[in-house]
Amino acid sequence: MTDAAAGAPEAPTGGEWAAAVAAVRQLPADARVLLICHVNPDGDALGSMLGFGLGLRRLGVRQLQATFPGPPEVPEPFRWLPGLDLLVPQDAAYPDPELVICFDVASESRLGDLVDRLGSAGAALVLDHHASNTRFGGINLVDPHAAATSVVAEGLLDRLGVPLDAEIAACLYVALSTDTGSFRFEATTPAVHEMAARLLATGIRPGEISQRIFDTRPFGAVRLFGEAIGRARLEPGAAGGRGLVWTYATLDDLARHDQPPYVLEALIDSVRCTAEADVSCVVKQVAAGEWAVSLRSKGAVDVSRVAVALGGGGHRFAAGFTGRGSADEVVDRIRAELDGALLAG
């Protein structure tokens, strides 16, 4: 069920903003603050978390950590981000922080082994923009209309009186540009460009950032993408005749080309351009019988309905979930849920 269907508010209320500001402002001087983003962090998750963390540091928060579940490996395109010194492995994260703040996390399941920090923390604050967010925090700043979680993070920094500087802006710009597909997706509103202008006014260099994030890839990844695209399948009759294009990549593919799993995050962009399909899908193996699934829509199909039905979440245009079985079995479930989503819509 989506949040709209559940009757949840569509954007943070004035009271929720005030509660979030108070949660930060009322922290004791020696308070431990833990920032957490989702497993396999992307640009919005890392950028929002690190940018906000730098803002907290400007406010004088001294005991401050950032982390995410799983192996403590930051994807290569983000290893230059300011604030990386805040990161610690999940096992080294504060076990009982006074405040835990979650970024770009739609549900508790995306916190992995760090989910116990919600219960041990004095307070839990959630910053997110997923329509499927379950409002699992004590204080929830969830705006499904925001183009990225960084929009919410910037809004809270502003209310806390933290001025933007080049380091904070670089993190938030990476977050904003990645979740809007370099300002190409439908979520790119006038407000998005206004925020980008505020960030650029700090002196960051968008050309250099875009080259690092979007236009740099190891040759092994190029070869891997070629193989995966070569096995792509187009099903014009799927999704009620709107079309489905999908492909997959295995752990053997990654090993053969000596590539880490995160390089596959960009593969969906090479698949979604297929003219004959509204829905695109990439199925990426993460373990034996386990797959991370990325779904995209050009607008005719709400892929978040599919992802939520299969245990994940996301937005109308971009969503994902964890699938089990073979790649074909995972795609069979997607086909069935696509038909169900269309009937429900």
# chains A, B, ... in the order shown; residues from 1 in each chain; ligands from 1
>>> select_by_dssp(residues="segment 131-264 of chain A", states="helix (DSSP H, G or I)", output="PDB file with N, CA, C and O atoms, in the first residue's frame")
ATOM      1  N   THR A 149      16.293  13.151  -1.412  1.00  0.00           N
ATOM      2  CA  THR A 149      16.361  13.348   0.027  1.00  0.00           C
ATOM      3  C   THR A 149      17.179  14.590   0.359  1.00  0.00           C
ATOM      4  O   THR A 149      16.956  15.242   1.378  1.00  0.00           O
ATOM      5  N   SER A 150      18.109  14.946  -0.512  1.00  0.00           N
ATOM      6  CA  SER A 150      18.920  16.140  -0.279  1.00  0.00           C
ATOM      7  C   SER A 150      18.063  17.398  -0.199  1.00  0.00           C
ATOM      8  O   SER A 150      18.442  18.374   0.462  1.00  0.00           O
ATOM      9  N   VAL A 151      16.916  17.418  -0.864  1.00  0.00           N
ATOM     10  CA  VAL A 151      16.005  18.569  -0.776  1.00  0.00           C
ATOM     11  C   VAL A 151      15.512  18.719   0.659  1.00  0.00           C
ATOM     12  O   VAL A 151      15.447  19.830   1.211  1.00  0.00           O
ATOM     13  N   VAL A 152      15.160  17.597   1.275  1.00  0.00           N
ATOM     14  CA  VAL A 152      14.705  17.617   2.663  1.00  0.00           C
ATOM     15  C   VAL A 152      15.859  17.998   3.584  1.00  0.00           C
ATOM     16  O   VAL A 152      15.686  18.784   4.525  1.00  0.00           O
ATOM     17  N   ALA A 153      17.047  17.441   3.312  1.00  0.00           N
ATOM     18  CA  ALA A 153      18.214  17.755   4.142  1.00  0.00           C
ATOM     19  C   ALA A 153      18.546  19.240   4.084  1.00  0.00           C
ATOM     20  O   ALA A 153      18.833  19.863   5.117  1.00  0.00           O
ATOM     21  N   GLU A 154      18.490  19.826   2.891  1.00  0.00           N
ATOM     22  CA  GLU A 154      18.778  21.255   2.774  1.00  0.00           C
ATOM     23  C   GLU A 154      17.726  22.073   3.513  1.00  0.00           C
ATOM     24  O   GLU A 154      18.038  23.085   4.152  1.00  0.00           O
ATOM     25  N   GLY A 155      16.475  21.638   3.444  1.00  0.00           N
ATOM     26  CA  GLY A 155      15.413  22.343   4.152  1.00  0.00           C
ATOM     27  C   GLY A 155      15.631  22.356   5.655  1.00  0.00           C
ATOM     28  O   GLY A 155      15.387  23.372   6.319  1.00  0.00           O
ATOM     29  N   LEU A 156      16.109  21.234   6.197  1.00  0.00           N
ATOM     30  CA  LEU A 156      16.360  21.174   7.638  1.00  0.00           C
ATOM     31  C   LEU A 156      17.593  21.993   8.011  1.00  0.00           C
ATOM     32  O   LEU A 156      17.602  22.681   9.040  1.00  0.00           O
ATOM     33  N   LEU A 157      18.639  21.925   7.194  1.00  0.00           N
ATOM     34  CA  LEU A 157      19.822  22.747   7.460  1.00  0.00           C
ATOM     35  C   LEU A 157      19.458  24.226   7.488  1.00  0.00           C
ATOM     36  O   LEU A 157      19.940  24.983   8.344  1.00  0.00           O
ATOM     37  N   ASP A 158      18.604  24.644   6.564  1.00  0.00           N
ATOM     38  CA  ASP A 158      18.185  26.038   6.513  1.00  0.00           C
ATOM     39  C   ASP A 158      17.437  26.421   7.792  1.00  0.00           C
ATOM     40  O   ASP A 158      17.676  27.489   8.376  1.00  0.00           O
ATOM     41  N   ARG A 159      16.543  25.552   8.234  1.00  0.00           N
ATOM     42  CA  ARG A 159      15.780  25.840   9.450  1.00  0.00           C
ATOM     43  C   ARG A 159      16.663  25.823  10.694  1.00  0.00           C
ATOM     44  O   ARG A 159      16.326  26.430  11.720  1.00  0.00           O
ATOM     45  N   ALA A 166      30.991  25.374   0.402  1.00  0.00           N
ATOM     46  CA  ALA A 166      31.321  24.558  -0.767  1.00  0.00           C
ATOM     47  C   ALA A 166      31.320  23.065  -0.447  1.00  0.00           C
ATOM     48  O   ALA A 166      30.932  22.247  -1.286  1.00  0.00           O
ATOM     49  N   GLU A 167      31.738  22.676   0.771  1.00  0.00           N
ATOM     50  CA  GLU A 167      31.779  21.253   1.110  1.00  0.00           C
ATOM     51  C   GLU A 167      30.371  20.683   1.261  1.00  0.00           C
ATOM     52  O   GLU A 167      30.062  19.614   0.718  1.00  0.00           O
ATOM     53  N   ILE A 168      29.528  21.375   2.004  1.00  0.00           N
ATOM     54  CA  ILE A 168      28.137  20.925   2.141  1.00  0.00           C
ATOM     55  C   ILE A 168      27.468  20.903   0.773  1.00  0.00           C
ATOM     56  O   ILE A 168      26.773  19.947   0.404  1.00  0.00           O
ATOM     57  N   ALA A 169      27.700  21.956  -0.018  1.00  0.00           N
ATOM     58  CA  ALA A 169      27.051  22.073  -1.328  1.00  0.00           C
ATOM     59  C   ALA A 169      27.480  20.958  -2.267  1.00  0.00           C
ATOM     60  O   ALA A 169      26.660  20.439  -3.038  1.00  0.00           O
ATOM     61  N   ALA A 170      28.755  20.571  -2.240  1.00  0.00           N
ATOM     62  CA  ALA A 170      29.222  19.499  -3.125  1.00  0.00           C
ATOM     63  C   ALA A 170      28.482  18.206  -2.833  1.00  0.00           C
ATOM     64  O   ALA A 170      28.050  17.492  -3.753  1.00  0.00           O
ATOM     65  N   CYS A 171      28.301  17.891  -1.552  1.00  0.00           N
ATOM     66  CA  CYS A 171      27.595  16.670  -1.175  1.00  0.00           C
ATOM     67  C   CYS A 171      26.132  16.730  -1.626  1.00  0.00           C
ATOM     68  O   CYS A 171      25.613  15.774  -2.224  1.00  0.00           O
ATOM     69  N   LEU A 172      25.470  17.854  -1.349  1.00  0.00           N
ATOM     70  CA  LEU A 172      24.051  17.971  -1.697  1.00  0.00           C
ATOM     71  C   LEU A 172      23.849  18.026  -3.203  1.00  0.00           C
ATOM     72  O   LEU A 172      22.833  17.538  -3.720  1.00  0.00           O
ATOM     73  N   TYR A 173      24.805  18.609  -3.933  1.00  0.00           N
ATOM     74  CA  TYR A 173      24.685  18.678  -5.393  1.00  0.00           C
ATOM     75  C   TYR A 173      24.804  17.279  -6.005  1.00  0.00           C
ATOM     76  O   TYR A 173      24.055  16.937  -6.936  1.00  0.00           O
ATOM     77  N   VAL A 174      25.737  16.468  -5.503  1.00  0.00           N
ATOM     78  CA  VAL A 174      25.847  15.084  -5.964  1.00  0.00           C
ATOM     79  C   VAL A 174      24.532  14.351  -5.711  1.00  0.00           C
ATOM     80  O   VAL A 174      24.023  13.631  -6.581  1.00  0.00           O
ATOM     81  N   ALA A 175      23.972  14.541  -4.526  1.00  0.00           N
ATOM     82  CA  ALA A 175      22.713  13.882  -4.195  1.00  0.00           C
ATOM     83  C   ALA A 175      21.588  14.320  -5.129  1.00  0.00           C
ATOM     84  O   ALA A 175      20.824  13.493  -5.643  1.00  0.00           O
ATOM     85  N   LEU A 176      21.489  15.618  -5.363  1.00  0.00           N
ATOM     86  CA  LEU A 176      20.414  16.154  -6.189  1.00  0.00           C
ATOM     87  C   LEU A 176      20.573  15.742  -7.648  1.00  0.00           C
ATOM     88  O   LEU A 176      19.605  15.345  -8.310  1.00  0.00           O
ATOM     89  N   SER A 177      21.792  15.820  -8.161  1.00  0.00           N
ATOM     90  CA  SER A 177      22.001  15.521  -9.581  1.00  0.00           C
ATOM     91  C   SER A 177      21.855  14.038  -9.879  1.00  0.00           C
ATOM     92  O   SER A 177      21.342  13.659 -10.938  1.00  0.00           O
ATOM     93  N   THR A 178      22.262  13.170  -8.960  1.00  0.00           N
ATOM     94  CA  THR A 178      22.126  11.731  -9.224  1.00  0.00           C
ATOM     95  C   THR A 178      20.667  11.297  -9.219  1.00  0.00           C
ATOM     96  O   THR A 178      20.242  10.514 -10.074  1.00  0.00           O
ATOM     97  N   ASP A 179      19.876  11.791  -8.257  1.00  0.00           N
ATOM     98  CA  ASP A 179      18.485  11.344  -8.186  1.00  0.00           C
ATOM     99  C   ASP A 179      17.596  11.988  -9.241  1.00  0.00           C
ATOM    100  O   ASP A 179      16.464  11.527  -9.446  1.00  0.00           O
ATOM    101  N   PRO A 190      11.113  23.590 -11.185  1.00  0.00           N
ATOM    102  CA  PRO A 190      11.781  24.878 -10.960  1.00  0.00           C
ATOM    103  C   PRO A 190      12.477  24.938  -9.595  1.00  0.00           C
ATOM    104  O   PRO A 190      13.567  25.501  -9.474  1.00  0.00           O
ATOM    105  N   ALA A 191      11.857  24.346  -8.571  1.00  0.00           N
ATOM    106  CA  ALA A 191      12.461  24.357  -7.242  1.00  0.00           C
ATOM    107  C   ALA A 191      13.783  23.599  -7.218  1.00  0.00           C
ATOM    108  O   ALA A 191      14.714  23.969  -6.486  1.00  0.00           O
ATOM    109  N   VAL A 192      13.874  22.543  -8.020  1.00  0.00           N
ATOM    110  CA  VAL A 192      15.132  21.790  -8.109  1.00  0.00           C
ATOM    111  C   VAL A 192      16.232  22.677  -8.683  1.00  0.00           C
ATOM    112  O   VAL A 192      17.361  22.724  -8.170  1.00  0.00           O
ATOM    113  N   HIS A 193      15.931  23.387  -9.753  1.00  0.00           N
ATOM    114  CA  HIS A 193      16.941  24.266 -10.340  1.00  0.00           C
ATOM    115  C   HIS A 193      17.287  25.419  -9.405  1.00  0.00           C
ATOM    116  O   HIS A 193      18.435  25.880  -9.368  1.00  0.00           O
ATOM    117  N   GLU A 194      16.307  25.891  -8.637  1.00  0.00           N
ATOM    118  CA  GLU A 194      16.590  26.952  -7.670  1.00  0.00           C
ATOM    119  C   GLU A 194      17.544  26.454  -6.585  1.00  0.00           C
ATOM    120  O   GLU A 194      18.462  27.167  -6.163  1.00  0.00           O
ATOM    121  N   MET A 195      17.328  25.215  -6.130  1.00  0.00           N
ATOM    122  CA  MET A 195      18.247  24.643  -5.146  1.00  0.00           C
ATOM    123  C   MET A 195      19.628  24.462  -5.754  1.00  0.00           C
ATOM    124  O   MET A 195      20.646  24.773  -5.119  1.00  0.00           O
ATOM    125  N   ALA A 196      19.686  23.951  -6.991  1.00  0.00           N
ATOM    126  CA  ALA A 196      20.979  23.782  -7.648  1.00  0.00           C
ATOM    127  C   ALA A 196      21.710  25.118  -7.752  1.00  0.00           C
ATOM    128  O   ALA A 196      22.930  25.193  -7.556  1.00  0.00           O
ATOM    129  N   ALA A 197      20.968  26.194  -8.023  1.00  0.00           N
ATOM    130  CA  ALA A 197      21.593  27.516  -8.119  1.00  0.00           C
ATOM    131  C   ALA A 197      22.188  27.932  -6.779  1.00  0.00           C
ATOM    132  O   ALA A 197      23.287  28.509  -6.734  1.00  0.00           O
ATOM    133  N   ARG A 198      21.485  27.654  -5.683  1.00  0.00           N
ATOM    134  CA  ARG A 198      22.024  27.989  -4.355  1.00  0.00           C
ATOM    135  C   ARG A 198      23.306  27.216  -4.089  1.00  0.00           C
ATOM    136  O   ARG A 198      24.267  27.757  -3.507  1.00  0.00           O
ATOM    137  N   LEU A 199      23.330  25.961  -4.491  1.00  0.00           N
ATOM    138  CA  LEU A 199      24.526  25.141  -4.275  1.00  0.00           C
ATOM    139  C   LEU A 199      25.683  25.628  -5.145  1.00  0.00           C
ATOM    140  O   LEU A 199      26.830  25.734  -4.679  1.00  0.00           O
ATOM    141  N   LEU A 200      25.390  25.933  -6.401  1.00  0.00           N
ATOM    142  CA  LEU A 200      26.440  26.399  -7.314  1.00  0.00           C
ATOM    143  C   LEU A 200      27.003  27.747  -6.873  1.00  0.00           C
ATOM    144  O   LEU A 200      28.175  28.058  -7.133  1.00  0.00           O
ATOM    145  N   PRO A 206      30.279  22.289 -11.340  1.00  0.00           N
ATOM    146  CA  PRO A 206      29.375  21.222 -11.785  1.00  0.00           C
ATOM    147  C   PRO A 206      29.972  20.338 -12.867  1.00  0.00           C
ATOM    148  O   PRO A 206      29.679  19.148 -12.925  1.00  0.00           O
ATOM    149  N   GLY A 207      30.803  20.899 -13.737  1.00  0.00           N
ATOM    150  CA  GLY A 207      31.409  20.087 -14.792  1.00  0.00           C
ATOM    151  C   GLY A 207      32.311  19.005 -14.218  1.00  0.00           C
ATOM    152  O   GLY A 207      32.260  17.841 -14.652  1.00  0.00           O
ATOM    153  N   GLU A 208      33.129  19.361 -13.249  1.00  0.00           N
ATOM    154  CA  GLU A 208      34.019  18.384 -12.635  1.00  0.00           C
ATOM    155  C   GLU A 208      33.224  17.320 -11.873  1.00  0.00           C
ATOM    156  O   GLU A 208      33.547  16.124 -11.934  1.00  0.00           O
ATOM    157  N   ILE A 209      32.188  17.756 -11.161  1.00  0.00           N
ATOM    158  CA  ILE A 209      31.366  16.805 -10.410  1.00  0.00           C
ATOM    159  C   ILE A 209      30.669  15.841 -11.357  1.00  0.00           C
ATOM    160  O   ILE A 209      30.669  14.622 -11.136  1.00  0.00           O
ATOM    161  N   SER A 210      30.093  16.354 -12.431  1.00  0.00           N
ATOM    162  CA  SER A 210      29.378  15.491 -13.380  1.00  0.00           C
ATOM    163  C   SER A 210      30.315  14.498 -14.046  1.00  0.00           C
ATOM    164  O   SER A 210      29.951  13.337 -14.283  1.00  0.00           O
ATOM    165  N   GLN A 211      31.524  14.927 -14.361  1.00  0.00           N
ATOM    166  CA  GLN A 211      32.470  13.998 -14.986  1.00  0.00           C
ATOM    167  C   GLN A 211      32.799  12.860 -14.033  1.00  0.00           C
ATOM    168  O   GLN A 211      32.853  11.695 -14.433  1.00  0.00           O
ATOM    169  N   ARG A 212      33.021  13.185 -12.764  1.00  0.00           N
ATOM    170  CA  ARG A 212      33.338  12.143 -11.784  1.00  0.00           C
ATOM    171  C   ARG A 212      32.169  11.180 -11.582  1.00  0.00           C
ATOM    172  O   ARG A 212      32.368   9.970 -11.457  1.00  0.00           O
ATOM    173  N   ILE A 213      30.953  11.716 -11.548  1.00  0.00           N
ATOM    174  CA  ILE A 213      29.793  10.903 -11.200  1.00  0.00           C
ATOM    175  C   ILE A 213      29.225  10.147 -12.400  1.00  0.00           C
ATOM    176  O   ILE A 213      28.865   8.975 -12.305  1.00  0.00           O
ATOM    177  N   PHE A 214      29.116  10.816 -13.539  1.00  0.00           N
ATOM    178  CA  PHE A 214      28.391  10.247 -14.676  1.00  0.00           C
ATOM    179  C   PHE A 214      29.272   9.780 -15.835  1.00  0.00           C
ATOM    180  O   PHE A 214      28.854   8.907 -16.600  1.00  0.00           O
ATOM    181  N   PHE A 219      37.307   0.440 -17.892  1.00  0.00           N
ATOM    182  CA  PHE A 219      37.084  -0.278 -19.142  1.00  0.00           C
ATOM    183  C   PHE A 219      36.434  -1.635 -18.884  1.00  0.00           C
ATOM    184  O   PHE A 219      35.607  -2.106 -19.684  1.00  0.00           O
ATOM    185  N   GLY A 220      36.784  -2.263 -17.766  1.00  0.00           N
ATOM    186  CA  GLY A 220      36.140  -3.530 -17.422  1.00  0.00           C
ATOM    187  C   GLY A 220      34.637  -3.384 -17.278  1.00  0.00           C
ATOM    188  O   GLY A 220      33.868  -4.264 -17.674  1.00  0.00           O
ATOM    189  N   ALA A 221      34.204  -2.258 -16.721  1.00  0.00           N
ATOM    190  CA  ALA A 221      32.770  -2.008 -16.588  1.00  0.00           C
ATOM    191  C   ALA A 221      32.129  -1.777 -17.950  1.00  0.00           C
ATOM    192  O   ALA A 221      30.993  -2.204 -18.193  1.00  0.00           O
ATOM    193  N   VAL A 222      32.854  -1.121 -18.848  1.00  0.00           N
ATOM    194  CA  VAL A 222      32.343  -0.912 -20.201  1.00  0.00           C
ATOM    195  C   VAL A 222      32.107  -2.257 -20.884  1.00  0.00           C
ATOM    196  O   VAL A 222      31.066  -2.491 -21.516  1.00  0.00           O
ATOM    197  N   ARG A 223      33.073  -3.168 -20.755  1.00  0.00           N
ATOM    198  CA  ARG A 223      32.913  -4.502 -21.351  1.00  0.00           C
ATOM    199  C   ARG A 223      31.761  -5.257 -20.699  1.00  0.00           C
ATOM    200  O   ARG A 223      30.982  -5.937 -21.390  1.00  0.00           O
ATOM    201  N   LEU A 224      31.636  -5.153 -19.387  1.00  0.00           N
ATOM    202  CA  LEU A 224      30.549  -5.814 -18.670  1.00  0.00           C
ATOM    203  C   LEU A 224      29.196  -5.286 -19.124  1.00  0.00           C
ATOM    204  O   LEU A 224      28.257  -6.064 -19.367  1.00  0.00           O
ATOM    205  N   PHE A 225      29.082  -3.956 -19.263  1.00  0.00           N
ATOM    206  CA  PHE A 225      27.833  -3.371 -19.738  1.00  0.00           C
ATOM    207  C   PHE A 225      27.498  -3.885 -21.128  1.00  0.00           C
ATOM    208  O   PHE A 225      26.336  -4.147 -21.443  1.00  0.00           O
ATOM    209  N   GLY A 226      28.512  -4.022 -21.972  1.00  0.00           N
ATOM    210  CA  GLY A 226      28.278  -4.529 -23.319  1.00  0.00           C
ATOM    211  C   GLY A 226      27.666  -5.918 -23.304  1.00  0.00           C
ATOM    212  O   GLY A 226      26.730  -6.205 -24.063  1.00  0.00           O
ATOM    213  N   GLU A 227      28.189  -6.786 -22.442  1.00  0.00           N
ATOM    214  CA  GLU A 227      27.637  -8.137 -22.338  1.00  0.00           C
ATOM    215  C   GLU A 227      26.193  -8.104 -21.841  1.00  0.00           C
ATOM    216  O   GLU A 227      25.315  -8.791 -22.373  1.00  0.00           O
ATOM    217  N   ALA A 228      25.962  -7.320 -20.786  1.00  0.00           N
ATOM    218  CA  ALA A 228      24.620  -7.276 -20.199  1.00  0.00           C
ATOM    219  C   ALA A 228      23.604  -6.698 -21.179  1.00  0.00           C
ATOM    220  O   ALA A 228      22.479  -7.197 -21.293  1.00  0.00           O
ATOM    221  N   ILE A 229      23.985  -5.665 -21.892  1.00  0.00           N
ATOM    222  CA  ILE A 229      23.070  -5.080 -22.875  1.00  0.00           C
ATOM    223  C   ILE A 229      22.840  -6.043 -24.034  1.00  0.00           C
ATOM    224  O   ILE A 229      21.739  -6.135 -24.584  1.00  0.00           O
ATOM    225  N   GLY A 230      23.869  -6.812 -24.363  1.00  0.00           N
ATOM    226  CA  GLY A 230      23.731  -7.786 -25.433  1.00  0.00           C
ATOM    227  C   GLY A 230      22.728  -8.884 -25.122  1.00  0.00           C
ATOM    228  O   GLY A 230      22.157  -9.483 -26.042  1.00  0.00           O
ATOM    229  N   ALA A 238       4.317  -6.895 -22.691  1.00  0.00           N
ATOM    230  CA  ALA A 238       4.275  -6.826 -21.227  1.00  0.00           C
ATOM    231  C   ALA A 238       3.752  -5.471 -20.762  1.00  0.00           C
ATOM    232  O   ALA A 238       3.678  -4.510 -21.537  1.00  0.00           O
ATOM    233  N   ALA A 239       3.401  -5.404 -19.497  1.00  0.00           N
ATOM    234  CA  ALA A 239       2.888  -4.162 -18.896  1.00  0.00           C
ATOM    235  C   ALA A 239       1.702  -3.621 -19.679  1.00  0.00           C
ATOM    236  O   ALA A 239       1.619  -2.435 -19.988  1.00  0.00           O
ATOM    237  N   GLY A 240       0.781  -4.513 -20.013  1.00  0.00           N
ATOM    238  CA  GLY A 240      -0.418  -4.099 -20.721  1.00  0.00           C
ATOM    239  C   GLY A 240      -0.148  -3.511 -22.092  1.00  0.00           C
ATOM    240  O   GLY A 240      -0.880  -2.640 -22.563  1.00  0.00           O
ATOM    241  N   GLY A 241       0.895  -4.005 -22.738  1.00  0.00           N
ATOM    242  CA  GLY A 241       1.243  -3.510 -24.067  1.00  0.00           C
ATOM    243  C   GLY A 241       2.124  -2.281 -24.052  1.00  0.00           C
ATOM    244  O   GLY A 241       2.484  -1.753 -25.119  1.00  0.00           O
ATOM    245  N   LEU A 251      27.190 -12.609 -10.541  1.00  0.00           N
ATOM    246  CA  LEU A 251      28.454 -12.478  -9.827  1.00  0.00           C
ATOM    247  C   LEU A 251      29.614 -12.958 -10.689  1.00  0.00           C
ATOM    248  O   LEU A 251      30.723 -12.418 -10.616  1.00  0.00           O
ATOM    249  N   ASP A 252      29.358 -13.976 -11.518  1.00  0.00           N
ATOM    250  CA  ASP A 252      30.402 -14.441 -12.436  1.00  0.00           C
ATOM    251  C   ASP A 252      30.772 -13.347 -13.439  1.00  0.00           C
ATOM    252  O   ASP A 252      31.945 -13.206 -13.806  1.00  0.00           O
ATOM    253  N   ASP A 253      29.783 -12.582 -13.900  1.00  0.00           N
ATOM    254  CA  ASP A 253      30.067 -11.464 -14.809  1.00  0.00           C
ATOM    255  C   ASP A 253      30.998 -10.461 -14.144  1.00  0.00           C
ATOM    256  O   ASP A 253      31.980  -9.990 -14.751  1.00  0.00           O
ATOM    257  N   LEU A 254      30.704 -10.116 -12.899  1.00  0.00           N
ATOM    258  CA  LEU A 254      31.532  -9.166 -12.167  1.00  0.00           C
ATOM    259  C   LEU A 254      32.951  -9.705 -11.995  1.00  0.00           C
ATOM    260  O   LEU A 254      33.932  -8.977 -12.210  1.00  0.00           O
ATOM    261  N   ALA A 255      33.061 -10.975 -11.621  1.00  0.00           N
ATOM    262  CA  ALA A 255      34.382 -11.560 -11.402  1.00  0.00           C
ATOM    263  C   ALA A 255      35.185 -11.632 -12.695  1.00  0.00           C
ATOM    264  O   ALA A 255      36.397 -11.356 -12.709  1.00  0.00           O
ATOM    265  N   ARG A 256      34.510 -11.985 -13.784  1.00  0.00           N
ATOM    266  CA  ARG A 256      35.199 -12.112 -15.067  1.00  0.00           C
ATOM    267  C   ARG A 256      35.807 -10.787 -15.530  1.00  0.00           C
ATOM    268  O   ARG A 256      36.861 -10.752 -16.149  1.00  0.00           O
ATOM    269  N   PRO A 261      30.460  -4.727  -7.302  1.00  0.00           N
ATOM    270  CA  PRO A 261      29.021  -4.703  -7.603  1.00  0.00           C
ATOM    271  C   PRO A 261      28.455  -3.321  -7.895  1.00  0.00           C
ATOM    272  O   PRO A 261      27.529  -3.195  -8.700  1.00  0.00           O
ATOM    273  N   TYR A 262      29.001  -2.274  -7.297  1.00  0.00           N
ATOM    274  CA  TYR A 262      28.371  -0.960  -7.451  1.00  0.00           C
ATOM    275  C   TYR A 262      28.414  -0.427  -8.880  1.00  0.00           C
ATOM    276  O   TYR A 262      27.628   0.459  -9.237  1.00  0.00           O
ATOM    277  N   VAL A 263      29.301  -0.953  -9.731  1.00  0.00           N
ATOM    278  CA  VAL A 263      29.351  -0.433 -11.109  1.00  0.00           C
ATOM    279  C   VAL A 263      28.040  -0.706 -11.841  1.00  0.00           C
ATOM    280  O   VAL A 263      27.694   0.001 -12.795  1.00  0.00           O
ATOM    281  N   LEU A 264      27.294  -1.723 -11.389  1.00  0.00           N
ATOM    282  CA  LEU A 264      26.052  -2.080 -12.074  1.00  0.00           C
ATOM    283  C   LEU A 264      24.913  -1.103 -11.803  1.00  0.00           C
ATOM    284  O   LEU A 264      23.881  -1.167 -12.468  1.00  0.00           O
TER     285      LEU A 264
END
>>> residues_around(residues="Asp278 of chain A", least_positions_apart="2", cutoff="8 Å", atoms="only C-alpha atoms", output="list of chain:residue names")
A:Arg242, A:Gly243, A:Leu244, A:Ala275, A:Glu276, A:Ser280, A:Ser297, A:Lys298, A:Gly299, A:Ala300, A:Val301
>>> write_last_selection(atoms="C-alpha atoms", output="PDB file, in the first residue's frame")
ATOM      1  CA  ARG A 242       3.384  -0.656 -22.783  1.00  0.00           C
ATOM      2  CA  GLY A 243       6.481  -2.794 -23.076  1.00  0.00           C
ATOM      3  CA  LEU A 244       9.168  -4.197 -20.780  1.00  0.00           C
ATOM      4  CA  ALA A 275      12.016   3.329 -27.254  1.00  0.00           C
ATOM      5  CA  GLU A 276       9.634   0.356 -27.348  1.00  0.00           C
ATOM      6  CA  SER A 280      12.932  -1.159 -17.805  1.00  0.00           C
ATOM      7  CA  SER A 297       9.264   3.799 -15.834  1.00  0.00           C
ATOM      8  CA  LYS A 298       8.856   6.537 -18.420  1.00  0.00           C
ATOM      9  CA  GLY A 299       5.556   7.461 -16.805  1.00  0.00           C
ATOM     10  CA  ALA A 300       2.796   5.166 -18.021  1.00  0.00           C
ATOM     11  CA  VAL A 301       3.370   2.579 -15.264  1.00  0.00           C
TER      12      VAL A 301
END
>>> residues_around(residues="segment 89-105 of chain A", least_positions_apart="6", cutoff="7 Å", atoms="only C-alpha atoms", output="ChimeraX atom specification")
/A:31-38,45,48-49,65,67-69,72,114,117,120-129,149
>>> write_last_selection(atoms="C-alpha atoms", output="PDB file, in the first residue's frame")
ATOM      1  CA  ALA A  31      25.546  13.922  22.726  1.00  0.00           C
ATOM      2  CA  ARG A  32      26.360  11.050  20.387  1.00  0.00           C
ATOM      3  CA  VAL A  33      24.707  11.462  16.987  1.00  0.00           C
ATOM      4  CA  LEU A  34      24.599   8.616  14.466  1.00  0.00           C
ATOM      5  CA  LEU A  35      23.737   9.181  10.811  1.00  0.00           C
ATOM      6  CA  ILE A  36      22.639   6.143   8.779  1.00  0.00           C
ATOM      7  CA  CYS A  37      21.813   5.750   5.089  1.00  0.00           C
ATOM      8  CA  HIS A  38      20.587   2.678   3.264  1.00  0.00           C
ATOM      9  CA  ALA A  45      21.945   8.563   0.295  1.00  0.00           C
ATOM     10  CA  SER A  48      22.491  13.837   1.842  1.00  0.00           C
ATOM     11  CA  MET A  49      24.005  12.099   4.864  1.00  0.00           C
ATOM     12  CA  GLN A  65      29.384   9.299  13.116  1.00  0.00           C
ATOM     13  CA  THR A  67      27.539   4.718   8.547  1.00  0.00           C
ATOM     14  CA  PHE A  68      25.545   2.311   6.408  1.00  0.00           C
ATOM     15  CA  PRO A  69      24.792  -1.431   6.615  1.00  0.00           C
ATOM     16  CA  PRO A  72      32.079  -0.341   4.434  1.00  0.00           C
ATOM     17  CA  LEU A 114      21.797  -1.275  12.056  1.00  0.00           C
ATOM     18  CA  ARG A 117      19.918   1.527  16.690  1.00  0.00           C
ATOM     19  CA  SER A 120      18.553   2.004  21.467  1.00  0.00           C
ATOM     20  CA  ALA A 121      18.622   5.676  20.408  1.00  0.00           C
ATOM     21  CA  GLY A 122      17.109   8.401  22.496  1.00  0.00           C
ATOM     22  CA  ALA A 123      15.314   9.748  19.415  1.00  0.00           C
ATOM     23  CA  ALA A 124      15.029   8.748  15.752  1.00  0.00           C
ATOM     24  CA  LEU A 125      14.645  11.188  12.871  1.00  0.00           C
ATOM     25  CA  VAL A 126      13.940  10.117   9.270  1.00  0.00           C
ATOM     26  CA  LEU A 127      14.721  12.278   6.225  1.00  0.00           C
ATOM     27  CA  ASP A 128      13.384  10.787   2.999  1.00  0.00           C
ATOM     28  CA  HIS A 129      11.441  11.354  -0.214  1.00  0.00           C
ATOM     29  CA  THR A 149      16.361  13.348   0.027  1.00  0.00           C
TER      30      THR A 149
END
>>> select_by_dssp(residues="segment 166-278 of chain A", states="strand (DSSP E)", output="ChimeraX atom specification")
/A:233-235,244-249
>>> residues_around(residues="Ser326 of chain A", least_positions_apart="6", cutoff="12 Å", atoms="only C-alpha atoms", output="list in words")
Tyr248, Ala249, Thr250, Val283, Lys284, Gln285, Val286, Ala287, Ala288, Gly289, Glu290, Trp291, Ala292, Asp332 and Arg333 of chain A
